[in-house]
Amino acid sequence: MEWGGEYSLDSSNLDCLLSVLPGELEFQQVLSDLDEKIKKNSSSIEQCLKDLQSEVNEVCTDEILQSATDCLQWLNNCNFSSLRPSSTHHGELMEFLRTLQSLLKNEQNQEEMILHFLLDLSSQCGVSFPCTPSGTSFELTSSLHAVEDDSTMDVKSLWNDVRLHLRRFLVNRLQSQEETNTNALQQQVEFKTQCIQQLLFLYPEAEVLTKYQNMQNKLVSDLLQNCILSSCGETNFDKVVHGYQSSIPTLCTMIKEDLYILSGTIDPSSSLKFINETYLDTITEEMTVLLERLCELQFKENALHIVTANKISKKHRGTVHAVASQEYHRKGRNFCLTLYQLRCLSQLIKLFLLMEEKIEELSAEILLVPSFTEKNKNVQGVLKKASGELLIGETRANETSVLPEQLLQVEEPILLNFGWRNAFKDLSSSVAHCITIAIEDFSTKILQHEQKEEFSAAGYAMSLVNNRQMRESCGAVQQEEQPKRIAKFCSDIMEELDTLLPLALACRDDSLQEIRANFVEACSKVATAVLARLEEKSKDIPSKAPLQDLYAALSTAIFVCQHFTMYSSLMRETSKKPLFLVPVQQYQEFINVLQFQVTSYCVRVCATSILQDAESHHWDDYKAFYEGERCSFSVQMWHYFCCALHHDLWTILPPKTAQEILTDVLEQSLAMLSSRYCQACPSYKRTPQIRIDITAVLMSTEDMLWSVCSSVQEFLNPHEDRDLKIYKIHSHCNSLLSVLAILTSPLKTLYETFLNNSDEHLPQDFSKVSYHPLNWLFCIPSPCSSLLKTSSAREMAAQGQLKLLLSQPYCNLNLLLETLLHHDCLLVKILLRSSGNEVLNRDEQSSLLEQINNKQPTLIETIFTVLSYCTLSPKSLGIAFETYMEKEQLWNRLYNMTVSSCSESEPEVIRCLKLTLINSVKGIVKQIISLMHSWEATENYGTYQHKQIVPESLLKTVPKEWNYTPREMKRKESGKCFTRLAAQAVSIVISKLPTVIACLPPPIKYFFFLAERKMSRNFAELKKAGLLVWNLIVIICRIFEDGNTAELLTGATLDRWSKEKLSLVRVCLESIMGKLKSGPKQVTQKVIQSIEQQRPNWIESQLLKARKLSTDCASVTVEGAMLEEGGIALGLTEQKINMMVLDICHKPGGSEYLRQIYHIIQLNEEYLKEQLSCENSEGVTSSQCLPLTLKGREEQPVFNPLQVHRQSCAKVFNQVGDERRCRA
């Protein structure tokens, strides 16, 4: 049957996956595209059924079938054994098969040519070659069938001889491919799939799969034995683990290949059965043999130790022998395992758990996704064996007609069955016994070692280590809840428990439940012991240990509690009840008590020690305190204490807990200060001291307030119901401000103020008087007033946003994104501008070259990626890069982007835009290449161009009744097919453009919308389709122009014929866009005319639809943005910011990009503050360069009291003195 270009590939699936949540316009386009695909699928099916009906009426029956339903029913009930045999003469068949046999025996490298020739005969002429079981072995050493006399050899024997030779050739190719294994995955899968399908043309499916399964089974066994058994010494568990570490990735790759191969050949249930029997059962058997060997060696080793011990202890020989014998008979082959051996077993189980998870992901991804098999299914239609033997007309004894009732029977689905746990059953009792002993042993040793260190050191402080990251698989512990530093002894214990955890996670059946039960019991005992040790440490503070140990104990307790919560979550699949309920509850109670202890101790220190200053607070003294030049000692020491507390909490505790404690201490200490100063009655000489003290307290509180507030809303608009503690801090500060005004203001000023307001009536209900908590911030001599625009605008200046971000105890991603988008991306503009001014020395140049070679994202690439993910703020990308693009004169470079390899001179913004567009059209390119391959596979076009040509001697022997036309002669008749193929490819590209644009992120669409307005007006072509559509088509043309780029992008292999046809499609697309300088060629005109004849004005309407989608989305963005007062910031609520952060973190590298930007901001804090202040004042920019590389290692911050003193004098106390002198 000829290739049906009108309908065969219009039924392809929608390959544009939505990576972002689309808007209403995008949804309408995607739904309309789906509706169009469904209609095309329906028409394609109807056309295929009509063709099938006509062929059945012509060939297979004397009765004319009236409908497609009658045709399908007839095919279902048809018994192909009753079909009439072919009228081919017996002598012609013998001559044809003898010629094939002679070519295979006497000529070299003819197998591939003969295979393609036979497939061509089958597809073009409808010849069905016998596909009966061979009944012979599939080994390479098998010889050809013995032939006594050529004259007596019948047709069946000749055909068996031919296909046996071809089978040996295909098996050799499969095995040679396994030995080399140097090709890419997709090429290797395509090659193997072709070999398997050619084997299916020659032999029945069951036989081919069985023989292929045996071949793969042998490969798996050889791989495991070579990697593991050959390197395994006596009881050498680490070599076993190393062997499986090296073999499991290879096994997963082999399973992935076979899943892809089988998905285009057999049904999913048979594929899973193949994987179970070939790989999973084989791995389980090899693992069982290996563990039995190790158990035998370990048992003999333990017996040898017992004999040695008996010889040393002759006095107790009889007793020991009796006990050993009883233990042996009671427990069978139980033996002792060391901690090292348990670690190896745990690591081995972890490998199997990861492999099990990987195989499940592969089966779900490959067997349930039909898009990969589109190409294979098209080829399979040619290679699939026919049911009737039209060559020899023999009845198949093994085939019977299938009744409709049998088709409705539903079999039980086959699932993956990886029984590797069965290999550990013999070890389960020994592991369960030894794991308890091992855990108790190493935990006791670690606790004893820690206690010895404490007794040996005077003024002992707890040894701390940085907390390693929690398991990503758990996902329950957020960054704001993760402790930063914990006790070393606890870290060592939990690290050992993490190592042994896979032993408990593997328990899914009853035979291994004892291991999990003993692990849980031992962990509970360890948790109790660690908790007792932490309680003991907390009681020694502050008499024997420093205050930092209290923070460390709290951080360690949180760490242990989170760890056991994670263990319980990971084991929830195998246990219905919580396993660590009691330890977790005990730790939660201890954490609450310890947090209260930390807060109360700090507040008590402030109340009883720091703020007790008789000399400073002698308010009725008639002598001035240091002549009114400084604040009280207690206020200064309170400030130092808060700074030290801030440092300790920020470097040890989880960020959320640290902020809670600092907020509590600040609020309660301010309550004491407010109470004391409200009761003060200073003399005239002591009044300046009151003024300086309260001003210093307010300025210190303002400095701390940035750290205790975790969001802009919490800082600017604290609410009594939502942020009670922050609200109380503002309330205490306003009370202090009132004291400052009443006690220190001149009486004359107070009197005049009272007289001016005496006419106003006082409200009867003072509770209804408007009160704003932030009033005190605008009354103190602090730069805070410049960081806040107004007390009621609820908006923060850019400097304040930056200060709030960098004052947090961790990288607050929500606050970071809000800072980047704030004030029309002002901070991002400074980063981009500074990155362009960079001047590197030699050392920095080498590091930059290393960064390029290592493909680490640069600052511009990172910012571009993050802003392109901000779908709820579409303007941000264009606004941030607008000034940068104008300064670098890059707008006009968007007119003609290339697709070749990125050069060093290419701007990073252009490269990022280009990669985004290339990824968006990748589906179109894959579909066009699939079209080329499918057409070539169906038409066999170009099969013999680069391979052997069918000999004339073989063509002469083809029976005349088959009406075979050689391909060399048929090529001349295929000019119309070329036009049809190119028209089909061009139609796919044009029809996909609106959907591609609908699936692009809104920031990208708005960026091109902005670029189109910025570019020169000389580009007349843009009026037709717009800049975005123009660039998409240009990129597709560049990909088609360069065959290597198309191969790299899709992973497919293109021959010369395919590259020529892709070039023809490129010329047609360029002609449509009016990009050709000369007139279009005749072939191009035919292609475009054929499309216009079928669907008049369709191309123009599709381009207008694509342009409308890009411009309408951008217009909606602009209109929505104009409603926002002051740019982007006011339109972004906390909910929108949170949604965008979640979306960014779910994208590839999103969270890492945000952290990289945050780290660069941290490194250049002072520089950015200077630039922001210049922006707000005169717009003057600095020439200082911004370092773009990240630090390899972050330094642990150290608290320096002298540095705090200098900063305090500069920020707080000097300003207080200056303010006092100015007022004087």
# chains A, B, ... in the order shown; residues from 1 in each chain; ligands from 1
>>> residues_around(residues="Leu821 (chain A)", least_positions_apart="4", cutoff="12 Å", atoms="only C-alpha atoms", output="MDAnalysis selection string")
chainID A and resid 798 801:802 814:817 825:829 863 866:867 870 872:880 1127:1133 1137 1140
>>> residues_around(residues="Thr250 (chain A)", least_positions_apart="6", cutoff="12 Å", atoms="only C-alpha atoms", output="list in words")
Glu178, Asn181, Leu219, Val220, Leu223, Leu224, Cys227, Gly243, Tyr244, Lys256, Glu257, Tyr279 and Met355 of chain A
>>> closest_residue(among="A:Thr1084, A:Gln513, A:Thr749, A:Gln612", to="Ser1063 (chain A)", atoms="only C-alpha atoms")
A:Thr1084
>>> atom_distance(atom1="CA of Ile929 (chain A)", atom2="CA of Val189 (chain A)")
16.8 Å
